[in-house]
>>> print(open('work12.txt').read())   # compact mmCIF, C-alpha atoms
# COMPACT_ATOMS: atom_id res chain seq x y z
CA MET H 1 -45.44 11.45 88.64
CA TYR H 2 -44.22 11.60 85.04
CA TRP H 3 -40.69 10.65 86.09
CA ARG H 4 -42.03 7.36 87.39
CA ASN H 5 -44.21 6.81 84.36
CA ALA H 6 -41.06 6.59 82.29
CA LEU H 7 -40.31 3.17 83.75
CA VAL H 8 -43.68 1.81 84.76
CA VAL H 9 -44.53 0.08 81.47
CA LEU H 10 -41.76 -1.90 79.90
CA ALA H 11 -43.47 -1.60 76.56
CA LEU H 12 -42.00 1.93 76.43
CA ILE H 13 -38.69 0.20 75.82
CA PHE H 14 -39.60 -2.95 73.99
CA GLY H 15 -42.96 -2.05 72.52
CA GLY H 16 -41.70 1.00 70.67
CA CYS H 17 -38.75 -1.00 69.46
CA ALA H 18 -41.01 -3.79 68.23
CA ALA H 19 -43.31 -1.38 66.45
CA HIS H 20 -40.31 0.23 64.76
CA MET H 21 -39.02 -3.15 63.65
CA VAL H 22 -42.39 -4.07 62.18
CA ALA H 23 -42.37 -0.87 60.14
CA GLY H 24 -38.79 -1.49 59.02
CA ALA H 25 -39.55 -5.03 57.94
CA ASN H 26 -42.54 -3.76 56.03
CA GLU H 27 -40.37 -1.35 54.05
CA THR H 28 -37.74 -4.01 53.31
CA SER H 29 -40.20 -6.69 52.24
CA PHE H 30 -41.97 -4.50 49.72
CA LYS H 31 -38.73 -4.18 47.71
CA SER H 32 -38.53 -7.91 46.98
CA VAL H 33 -42.20 -8.73 46.44
CA ASP H 34 -43.25 -10.78 43.44
CA LEU H 35 -47.01 -10.39 43.09
CA GLY H 36 -47.12 -13.61 41.14
CA GLU H 37 -46.43 -15.64 44.25
CA SER H 38 -49.17 -16.19 46.81
CA THR H 39 -46.83 -15.87 49.80
CA ASP H 40 -45.72 -12.45 48.65
CA PHE H 41 -49.32 -11.39 48.23
CA MET H 42 -50.01 -12.57 51.79
CA VAL H 43 -47.07 -10.52 53.05
CA LEU H 44 -48.44 -7.46 51.31
CA SER H 45 -51.86 -8.14 52.82
CA ALA H 46 -50.34 -8.46 56.30
CA TYR H 47 -48.54 -5.13 56.07
CA ASP H 48 -51.62 -3.47 54.62
CA ALA H 49 -53.63 -4.75 57.61
CA LEU H 50 -50.95 -3.42 59.98
CA SER H 51 -50.98 0.03 58.40
CA ALA H 52 -54.78 0.07 58.70
CA GLY H 53 -54.63 -0.90 62.39
CA ARG H 54 -55.93 -4.44 61.88
CA SER H 55 -53.23 -6.07 63.98
CA ALA H 56 -55.09 -9.31 64.67
CA GLU H 57 -55.54 -9.89 60.94
CA ALA H 58 -51.84 -9.18 60.28
CA LEU H 59 -50.81 -11.53 63.08
CA LYS H 60 -52.94 -14.36 61.68
CA ILE H 61 -51.41 -13.95 58.23
CA PHE H 62 -47.82 -14.08 59.55
CA VAL H 63 -48.63 -17.14 61.65
CA ASP H 64 -50.13 -18.85 58.60
CA LEU H 65 -47.05 -17.91 56.57
CA PHE H 66 -44.70 -19.32 59.19
CA GLU H 67 -46.66 -22.55 59.50
CA ARG H 68 -46.64 -22.95 55.71
CA THR H 69 -43.02 -22.01 55.02
CA LYS H 70 -41.17 -22.39 58.37
CA GLU H 71 -39.41 -19.15 57.44
CA PRO H 72 -38.01 -17.54 60.70
CA ALA H 73 -38.70 -14.02 59.43
CA TYR H 74 -42.45 -14.66 59.60
CA LEU H 75 -42.17 -15.96 63.17
CA LYS H 76 -40.28 -12.79 64.10
CA GLU H 77 -43.04 -10.58 62.67
CA ALA H 78 -45.66 -12.59 64.55
CA LEU H 79 -43.61 -12.29 67.76
CA LYS H 80 -43.29 -8.51 67.47
CA ILE H 81 -46.97 -7.94 66.68
CA ALA H 82 -48.01 -10.23 69.55
CA PHE H 83 -45.78 -8.31 71.96
CA VAL H 84 -47.03 -4.88 70.90
CA THR H 85 -50.71 -5.91 70.95
CA GLY H 86 -50.54 -8.14 74.05
CA SER H 87 -51.74 -11.20 72.17
CA PRO H 88 -52.50 -14.27 74.32
CA ARG H 89 -50.24 -16.25 71.96
CA LEU H 90 -47.18 -14.18 72.86
CA GLY H 91 -45.79 -16.87 75.16
CA GLU H 92 -46.09 -19.48 72.42
CA PHE H 93 -44.20 -17.33 69.91
CA ALA H 94 -41.57 -16.27 72.46
CA GLU H 95 -40.73 -19.85 73.45
CA SER H 96 -40.43 -20.89 69.80
CA SER H 97 -38.24 -17.88 69.09
CA ARG H 98 -35.72 -18.76 71.84
CA THR H 99 -34.31 -21.47 69.57
CA ILE H 100 -35.47 -20.55 66.06
CA LEU H 101 -34.43 -16.88 66.42
CA ALA H 102 -31.63 -17.33 68.97
CA ASN H 103 -29.17 -15.26 66.89
CA ASP H 104 -31.60 -12.51 65.95
CA ASN H 105 -31.06 -9.39 68.08
CA GLU H 106 -34.44 -7.85 67.27
CA ALA H 107 -36.20 -11.00 68.42
CA LEU H 108 -34.00 -11.21 71.51
CA ARG H 109 -35.08 -7.72 72.60
CA VAL H 110 -38.71 -8.78 72.45
CA ILE H 111 -37.94 -12.00 74.34
CA ILE H 112 -36.29 -9.96 77.09
CA GLY H 113 -39.42 -7.87 77.29
CA TYR H 114 -41.51 -11.03 77.58
CA ASP H 115 -39.25 -12.37 80.36
CA MET H 116 -39.64 -9.10 82.26
CA MET H 117 -43.40 -9.34 81.91
CA LEU H 118 -43.20 -12.78 83.49
CA GLY H 119 -41.03 -11.40 86.31
CA ASP H 120 -38.14 -13.65 85.23
CA VAL H 121 -35.46 -11.03 85.82
CA LYS H 122 -32.66 -13.61 85.94
CA THR H 123 -33.33 -14.85 82.39
CA ALA H 124 -33.92 -11.32 81.12
CA ARG H 125 -30.61 -10.24 82.62
CA ALA H 126 -28.68 -13.07 80.95
CA ASN H 127 -30.25 -12.30 77.57
CA ALA H 128 -29.65 -8.55 77.96
CA GLN H 129 -25.98 -9.23 78.64
CA ILE H 130 -25.78 -11.38 75.50
CA LEU H 131 -27.46 -8.62 73.52
CA LEU H 132 -25.05 -6.01 74.87
CA LYS H 133 -22.01 -8.12 73.95
CA ARG H 134 -23.29 -8.43 70.41
CA GLU H 135 -24.02 -4.70 70.03
CA PRO H 136 -22.08 -2.74 72.66
CA LYS H 137 -22.69 0.63 70.98
CA SER H 138 -26.45 0.34 70.83
CA ALA H 139 -28.27 2.91 72.98
CA MET H 140 -31.34 0.68 72.94
CA ASN H 141 -29.39 -2.27 74.32
CA HIS H 142 -27.92 -0.19 77.17
CA SER H 143 -31.41 1.09 77.95
CA ILE H 144 -32.74 -2.47 78.11
CA MET H 145 -29.87 -3.52 80.34
CA GLY H 146 -30.55 -0.55 82.61
CA THR H 147 -34.21 -1.50 82.87
CA VAL H 148 -33.32 -5.05 83.87
CA TYR H 149 -30.87 -3.80 86.53
CA ALA H 150 -33.52 -1.39 87.84
CA ALA H 151 -36.03 -4.25 88.13
CA ALA H 152 -33.43 -6.23 90.07
CA GLY H 153 -32.89 -3.30 92.46
CA GLU H 154 -29.33 -2.68 91.23
CA ASP H 155 -29.80 1.05 90.95
CA ARG H 156 -26.20 2.13 90.43
CA ARG H 157 -25.69 -0.36 87.62
CA ALA H 158 -28.98 0.80 86.12
CA LEU H 159 -27.76 4.40 86.34
CA SER H 160 -24.54 3.49 84.53
CA GLU H 161 -26.44 1.81 81.69
CA PHE H 162 -29.01 4.60 81.34
CA ARG H 163 -26.23 7.18 81.29
CA GLU H 164 -24.43 5.23 78.57
CA ALA H 165 -27.64 5.01 76.55
CA TYR H 166 -28.16 8.76 76.90
CA GLU H 167 -24.60 9.57 75.88
CA LEU H 168 -24.98 7.40 72.78
CA GLU H 169 -28.38 8.88 71.89
CA GLU H 170 -29.77 11.99 73.60
CA SER H 171 -33.38 11.09 72.95
CA GLU H 172 -36.22 12.18 75.22
CA GLU H 173 -36.92 8.55 76.10
CA ASN H 174 -33.35 7.98 77.24
CA LEU H 175 -33.38 11.25 79.16
CA LEU H 176 -36.52 10.28 81.07
CA LYS H 177 -35.11 6.92 82.12
CA LEU H 178 -31.88 8.51 83.32
CA ALA H 179 -33.71 11.27 85.17
CA ASP H 180 -36.11 8.77 86.71
CA ILE H 181 -33.36 6.65 88.26
CA LEU H 182 -31.58 9.76 89.55
CA LEU H 183 -34.70 11.27 91.06
CA ASN H 184 -36.73 8.34 92.31
CA ARG H 185 -34.11 5.74 93.14
CA LEU H 186 -30.99 7.67 94.08
CA ASP H 187 -32.56 10.90 95.42
CA ARG H 188 -30.28 13.04 93.24
CA ARG H 189 -33.00 15.56 92.53
CA ARG H 190 -30.94 18.54 91.49
CA GLU H 191 -28.86 16.46 89.07
CA ALA H 192 -32.03 15.06 87.48
CA LEU H 193 -33.60 18.52 87.11
CA THR H 194 -30.44 20.06 85.67
CA LEU H 195 -30.18 17.22 83.17
CA ALA H 196 -33.79 17.71 82.06
CA GLU H 197 -33.51 21.51 81.94
CA ASN H 198 -30.38 21.30 79.79
CA TRP H 199 -32.11 18.90 77.44
CA VAL H 200 -35.10 21.25 77.09
CA ALA H 201 -32.81 24.22 76.46
CA LYS H 202 -31.17 22.29 73.64
CA ASN H 203 -34.12 20.40 72.15
CA GLY H 204 -37.25 22.32 73.08
CA CYS H 205 -40.06 21.49 75.47
CA GLY H 206 -40.71 17.79 74.85
CA LYS H 207 -44.12 17.08 76.34
CA GLN H 208 -43.12 14.19 78.63
CA THR H 209 -40.00 15.95 79.86
CA CYS H 210 -41.72 19.25 80.54
CA LEU H 211 -44.63 17.59 82.31
CA ALA H 212 -42.07 15.79 84.46
CA LEU H 213 -40.34 19.09 85.19
CA LEU H 214 -43.68 20.62 86.18
CA ASP H 215 -44.17 17.84 88.73
CA ALA H 216 -40.78 18.61 90.20
CA TYR H 217 -41.30 22.39 90.17
CA ALA H 218 -44.68 22.00 91.89
CA GLY H 219 -42.93 20.16 94.72
CA GLU H 220 -40.55 23.10 95.12
CA ASN H 221 -43.23 25.82 94.72
CA ALA H 222 -41.13 27.13 91.84
CA ASN H 223 -44.04 29.03 90.31
CA ALA H 224 -42.00 31.18 87.95
CA LYS H 225 -40.46 28.05 86.39
CA MET H 226 -43.88 26.44 86.17
CA ILE H 227 -45.28 29.42 84.29
CA LYS H 228 -42.36 29.43 81.86
CA THR H 229 -42.72 25.68 81.28
CA TYR H 230 -46.47 25.86 80.72
CA VAL H 231 -45.99 28.58 78.13
CA ALA H 232 -43.24 26.55 76.41
CA LEU H 233 -45.54 23.51 76.36
CA TYR H 234 -48.25 25.59 74.71
CA GLU H 235 -45.84 26.87 72.08
CA GLU H 236 -44.75 23.30 71.31
CA SER H 237 -48.21 21.70 71.37
CA GLY H 238 -50.77 24.44 70.76
CA GLU H 239 -52.84 23.12 73.69
CA LYS H 240 -54.52 26.10 75.35
CA ASP H 241 -54.94 24.28 78.67
CA PHE H 242 -51.25 24.92 79.29
CA LEU H 243 -51.79 28.69 78.99
CA GLN H 244 -54.77 28.44 81.30
CA ASN H 245 -52.58 26.70 83.88
CA ALA H 246 -49.96 29.44 83.60
CA LEU H 247 -52.69 32.05 84.05
CA SER H 248 -54.02 30.27 87.15
CA ILE H 249 -50.60 30.54 88.81
CA MET H 250 -50.37 34.25 87.98
CA ILE H 251 -53.82 34.89 89.42
CA TYR H 252 -52.94 32.87 92.52
CA GLU H 253 -49.84 35.05 92.96
CA LYS H 254 -51.97 38.16 92.27
CA ASP H 255 -49.61 39.14 89.47
CA LEU H 256 -52.27 40.82 87.34
CA ALA H 257 -49.76 42.69 85.20
CA ALA H 258 -48.18 39.40 84.08
CA ALA H 259 -51.64 37.89 83.57
CA LYS H 260 -52.59 40.84 81.36
CA ASP H 261 -49.46 40.41 79.23
CA LEU H 262 -50.10 36.67 78.83
CA LEU H 263 -53.76 37.13 77.91
CA GLU H 264 -53.06 39.96 75.47
CA LYS H 265 -50.21 38.10 73.78
CA TYR H 266 -52.01 34.81 73.19
CA GLY H 267 -55.66 35.94 73.15
CA PHE H 268 -56.99 32.70 74.62
CA ASN H 269 -59.49 33.94 77.23
CA ASP H 270 -61.22 37.29 76.72
CA ALA H 271 -63.48 36.86 79.76
CA ALA H 272 -60.43 36.43 81.99
CA LEU H 273 -58.76 39.44 80.34
CA MET H 274 -61.86 41.51 81.11
CA GLU H 275 -61.59 40.54 84.78
CA VAL H 276 -57.88 41.32 84.83
CA TYR H 277 -58.47 44.77 83.34
CA ALA H 278 -61.05 45.39 86.07
CA GLY H 279 -58.63 44.19 88.73
CA LEU H 280 -56.04 46.64 87.40
CA LYS H 281 -58.67 49.42 87.46
CA ASP H 282 -58.42 49.82 83.70
CA LEU H 283 -62.20 50.11 83.57
CA ASP H 284 -62.40 51.58 80.07
CA LYS H 285 -60.79 48.45 78.63
CA ALA H 286 -62.83 46.22 80.92
CA TYR H 287 -66.05 47.88 79.75
CA ALA H 288 -65.06 47.73 76.08
CA LEU H 289 -64.24 44.03 76.31
CA ALA H 290 -67.44 43.26 78.24
CA GLN H 291 -69.39 45.09 75.53
CA LYS H 292 -67.62 43.12 72.80
CA LEU H 293 -68.32 39.83 74.58
CA TYR H 294 -71.96 40.74 75.15
CA THR H 295 -72.42 41.63 71.48
CA ARG H 296 -70.80 38.36 70.47
CA THR H 297 -72.49 36.01 72.93
CA GLN H 298 -75.59 37.80 74.29
CA ASN H 299 -74.60 36.37 77.68
CA PRO H 300 -76.40 38.59 80.25
CA GLU H 301 -73.45 38.37 82.63
CA PHE H 302 -71.46 40.61 80.31
CA ALA H 303 -74.27 43.18 80.37
CA ALA H 304 -74.14 43.11 84.18
CA ARG H 305 -70.39 43.59 83.99
CA MET H 306 -70.85 46.56 81.68
CA ALA H 307 -73.16 48.13 84.27
CA ILE H 308 -70.65 47.54 87.07
CA TYR H 309 -67.67 48.89 85.13
CA LYS H 310 -69.64 51.96 84.00
CA TYR H 311 -70.63 52.68 87.61
CA GLU H 312 -67.17 51.95 89.03
CA LYS H 313 -65.61 54.21 86.41
CA ALA H 314 -67.66 57.12 87.83
CA GLY H 315 -66.55 56.19 91.33
CA GLY H 316 -70.14 56.06 92.49
CA GLY H 317 -70.33 59.84 92.20
CA GLY H 318 -69.86 62.64 89.73
CA ARG H 319 -71.65 62.68 86.40
CA PHE H 320 -72.54 59.37 84.77
CA ASP H 321 -75.40 57.82 82.86
CA LEU H 322 -77.34 56.25 85.72
CA ALA H 323 -80.24 55.42 83.41
CA GLN H 324 -77.97 53.31 81.19
CA ILE H 325 -76.60 51.46 84.21
CA VAL H 326 -80.10 50.71 85.49
CA ARG H 327 -81.12 49.51 82.01
CA LEU H 328 -78.15 47.14 81.79
CA PHE H 329 -78.94 45.71 85.21
CA GLU H 330 -82.61 45.31 84.31
CA GLU H 331 -81.57 43.35 81.20
CA SER H 332 -79.34 40.99 83.14
CA VAL H 333 -79.86 40.47 86.87
CA TYR H 334 -83.14 38.55 86.70
CA LYS H 335 -81.81 36.21 83.99
CA LEU H 336 -78.65 35.52 85.95
CA ASN H 337 -80.38 35.04 89.32
CA LEU H 338 -77.08 35.41 91.19
CA GLY H 339 -76.66 37.00 94.59
CA VAL H 340 -73.72 39.15 93.58
CA TYR H 341 -75.70 40.95 90.86
CA TYR H 342 -78.94 41.30 92.85
CA ASN H 343 -76.85 42.85 95.61
CA TYR H 344 -74.95 45.25 93.37
CA TYR H 345 -78.07 46.49 91.59
CA GLY H 346 -80.13 46.66 94.77
CA TYR H 347 -77.46 48.59 96.63
CA LEU H 348 -77.19 51.07 93.76
CA LEU H 349 -80.96 51.72 93.90
CA ILE H 350 -80.74 52.18 97.68
CA ASP H 351 -77.60 54.28 97.88
CA HIS H 352 -78.73 56.70 95.16
CA ASP H 353 -82.31 56.89 96.51
CA ILE H 354 -83.62 55.72 93.15
CA ASP H 355 -86.11 53.14 94.44
CA LEU H 356 -85.56 52.23 98.09
CA GLN H 357 -88.25 49.57 98.32
CA LYS H 358 -87.18 47.80 95.11
CA GLY H 359 -83.53 48.02 96.14
CA LEU H 360 -84.32 46.45 99.51
CA GLU H 361 -86.26 43.65 97.84
CA LEU H 362 -83.30 42.94 95.56
CA VAL H 363 -80.72 42.77 98.35
CA LEU H 364 -83.05 40.55 100.40
CA LYS H 365 -83.27 38.25 97.35
CA ALA H 366 -79.49 38.27 97.22
CA HIS H 367 -79.44 37.30 100.92
CA GLU H 368 -81.66 34.31 100.20
CA LEU H 369 -79.10 33.10 97.66
CA GLU H 370 -75.99 33.97 99.70
CA PRO H 371 -76.98 34.21 103.36
CA ASP H 372 -73.43 34.40 104.71
CA SER H 373 -72.09 37.24 102.58
CA PRO H 374 -71.13 40.26 104.73
CA TYR H 375 -71.46 42.51 101.67
CA ILE H 376 -75.06 41.49 101.16
CA ILE H 377 -75.94 41.75 104.87
CA ASP H 378 -74.44 45.24 104.90
CA SER H 379 -76.64 46.18 101.91
CA VAL H 380 -79.75 44.91 103.69
CA ALA H 381 -78.83 46.93 106.78
CA TRP H 382 -78.29 50.01 104.66
CA GLY H 383 -81.63 49.53 102.96
CA TYR H 384 -83.47 49.39 106.27
CA PHE H 385 -81.53 52.47 107.43
CA LYS H 386 -82.54 54.36 104.32
CA ILE H 387 -86.25 53.69 104.91
CA GLY H 388 -85.93 54.77 108.55
CA LYS H 389 -86.00 51.37 110.26
CA CYS H 390 -82.84 52.00 112.26
CA GLU H 391 -83.29 49.34 114.95
CA LEU H 392 -83.85 46.69 112.29
CA ALA H 393 -80.85 48.04 110.37
CA LYS H 394 -78.72 47.67 113.51
CA GLU H 395 -79.88 44.07 113.99
CA TRP H 396 -78.64 43.27 110.50
CA MET H 397 -75.39 45.20 110.89
CA ASP H 398 -74.64 43.42 114.17
CA LYS H 399 -74.75 40.08 112.34
CA ILE H 400 -71.42 40.90 110.69
CA ALA H 401 -69.67 42.56 113.62
CA GLY H 402 -67.22 39.65 113.69
CA GLU H 403 -66.25 40.04 110.01
CA ARG H 404 -63.09 41.97 110.83
CA GLU H 405 -61.70 42.37 107.35
CA PHE H 406 -65.00 43.62 105.96
CA MET H 407 -65.77 45.85 108.95
CA GLU H 408 -62.41 47.60 108.54
CA SER H 409 -63.41 48.93 105.10
CA GLU H 410 -64.30 52.63 104.95
CA GLU H 411 -67.79 51.97 103.63
CA ALA H 412 -68.59 49.49 106.41
CA LYS H 413 -67.34 51.95 109.03
CA GLU H 414 -69.50 54.72 107.59
CA HIS H 415 -72.57 52.49 107.50
CA LYS H 416 -72.04 51.21 111.02
CA LYS H 417 -71.63 54.72 112.44
CA ALA H 418 -74.71 56.06 110.69
CA ILE H 419 -76.84 53.06 111.70
CA ASP H 420 -75.58 53.06 115.32
CA ASP H 421 -76.25 56.78 115.66
CA CYS H 422 -79.72 56.41 114.22
CA ALA H 423 -80.54 53.40 116.38
CA ARG H 424 -79.22 55.19 119.47
CA LYS H 425 -81.47 58.20 118.82
CA ALA H 426 -84.43 55.91 118.23
CA ALA H 427 -83.76 54.06 121.47
CA LYS H 428 -83.30 57.33 123.34
CA ASN H 429 -86.52 58.81 122.08
CA ALA H 430 -88.64 55.76 122.64
CA PRO H 431 -88.41 55.67 126.52
CA ASN H 432 -88.97 59.45 126.84
CA SER H 433 -92.00 59.18 124.69
CA ASN H 434 -93.35 56.33 126.82
CA LEU H 435 -92.73 58.26 130.09
CA LYS H 436 -94.55 61.32 128.79
CA ASN H 437 -97.48 59.22 127.75
CA LYS H 438 -97.46 57.45 131.09
CA GLY H 439 -97.43 60.82 132.92
CA ARG H 440 -100.32 62.09 130.87
CA ASN H 441 -102.27 58.96 131.62
CA SER H 442 -101.56 59.28 135.39
CA ASN H 443 -102.64 62.91 135.52
CA SER H 444 -105.73 62.09 133.60
CA SER H 445 -106.62 59.34 136.08
CA SER H 446 -106.03 61.55 139.12
CA ASN H 447 -108.15 64.30 137.77
CA SER H 448 -110.83 61.91 136.90
CA LYS H 449 -110.74 60.33 140.25
CA GLY H 450 -110.81 63.78 141.94
CA LYS H 451 -113.79 64.74 139.93
CA THR H 452 -115.56 61.59 140.95
CA LYS H 453 -114.84 62.23 144.52
>>> encode(input="work12.txt", output="structure tokens")
Amino acid sequence: MYWRNALVVLALIFGGCAAHMVAGANETSFKSVDLGESTDFMVLSAYDALSAGRSAEALKIFVDLFERTKEPAYLKEALKIAFVTGSPRLGEFAESSRTILANDNEALRVIIGYDMMLGDVKTARANAQILLKREPKSAMNHSIMGTVYAAAGEDRRALSEFREAYELEESEENLLKLADILLNRLDRRREALTLAENWVAKNGCGKQTCLALLDAYAGENANAKMIKTYVALYEESGEKDFLQNALSIMIYEKDLAAAKDLLEKYGFNDAALMEVYAGLKDLDKAYALAQKLYTRTQNPEFAARMAIYKYEKAGGGGRFDLAQIVRLFEESVYKLNLGVYYNYYGYLLIDHDIDLQKGLELVLKAHELEPDSPYIIDSVAWGYFKIGKCELAKEWMDKIAGEREFMESEEAKEHKKAIDDCARKAAKNAPNSNLKNKGRNSNSSSNSKGKTK
């Protein structure tokens, strides 16, 4: 969870601090540089390497400078760079700094971080207390002290220090540490959430804080709050994935009206908006958007969607351009090779008696691709019914007798009744026909035999 991530890596406390101090030293040193002196040129080179991301080169220069001059400031720069980059020489610089930089608070912060990395909480605690006595109004120092207490399992003392740090400086970093201890150590969930929500209301949707809130809201199934937070994250970051996540929740909740508003406002997913229009039965808009997407992309799926929306708009009856619908399906279904479109087109050809044999072939192809779909099995049954093979139609219809939800639809009921009636008549006629034939054959034999006699 993001709450926990706030404390997992101690470099979030010390590393950021060290990086900031490196930048600050850079700015200060430039003011007193004399390019005529080689040491000053080396300092400039070191900071230039740092700004270009060549940390190893900068570290080597500061080490060389310290070894040449024994100036503590160069050791401090080497210590900070080694800490931030995880240099294998960090331990060497830290041990030297304990005495050479004993009175330097910036260096002491890094040394505390090093002690924590070693798991030496006792030494880190003693140094953090020294640091806090020197600078009691430093939010950073209270945060460090809180981290040390948390590592020692002294959660209430950690809470006190994190709260003090937050009161001194309401930064997102300090908020996350305070919320983390409340939520994950002290089980004061509501207090942590309220704290974070108040911070967001005041400062905007900081990415780490809002992601942490989303974790918490997900645990509570607070979908409305999740949607609001995802939208706020998008507005802060411009990352469209956040809008997509908000949309997913709306679709899951079947709130198509809200989904429509979101999609229309931000314009981030036209294909999804097309589907939402269709779901809302706004088929004119669905068709227009499918047409626009097809023109733009030449994706045959949008042509198939145009055909569906045109047909659905007519309600399967009344006056509509059947030829256009057939043309759109012909342009798309074979390229897509998907069961849903083979079935839709095939059923249309069957139901409107356009081409029964072709329609049956299409729905059978759909069945090959999706053998368990009750919609497709129903289409196959209807195709066989339409060509007069009622017993075969019944065999197919019986395959989905257990699909209760589907079989309760009006269309399924109509198909089942028509097929059952037809199959019943066929079964009724078949035995009578056989008996008549058998009677004729018997009479014929008797007469023949009589004649013989």
>>> closest_residue(input="work12.txt", among="H:Tyr287, H:Lys310, H:Arg157, H:Arg109", to="H:Glu135", atoms="all atoms listed in the file")
H:Arg109
>>> residues_around(input="work12.txt", residues="H:Leu392", least_positions_apart="4", cutoff="9 Å", atoms="all atoms listed in the file", output="NGL selection string")
:H and (381 or 384-385 or 396-397 or 423)
>>> residues_around(input="work12.txt", residues="stretch 330-333 of chain H", least_positions_apart="4", cutoff="9 Å", atoms="only C-alpha atoms", output="NGL selection string")
:H and (299-304 or 325-326 or 337-338 or 341-342 or 345)
>>> atom_distance(input="work12.txt", atom1="atom CA of H:Phe62", atom2="atom CA of H:Val84")
14.6 Å
>>> atom_distance(input="work12.txt", atom1="atom CA of H:Leu131", atom2="atom CA of H:Ala165")
14.0 Å
>>> closest_residue(input="work12.txt", among="H:Leu183, H:Tyr74, H:Pro374, H:Ala307", to="H:Tyr344", atoms="all atoms listed in the file")
H:Ala307
>>> atom_distance(input="work12.txt", atom1="atom CA of H:Lys60", atom2="atom CA of H:Asn127")
27.8 Å
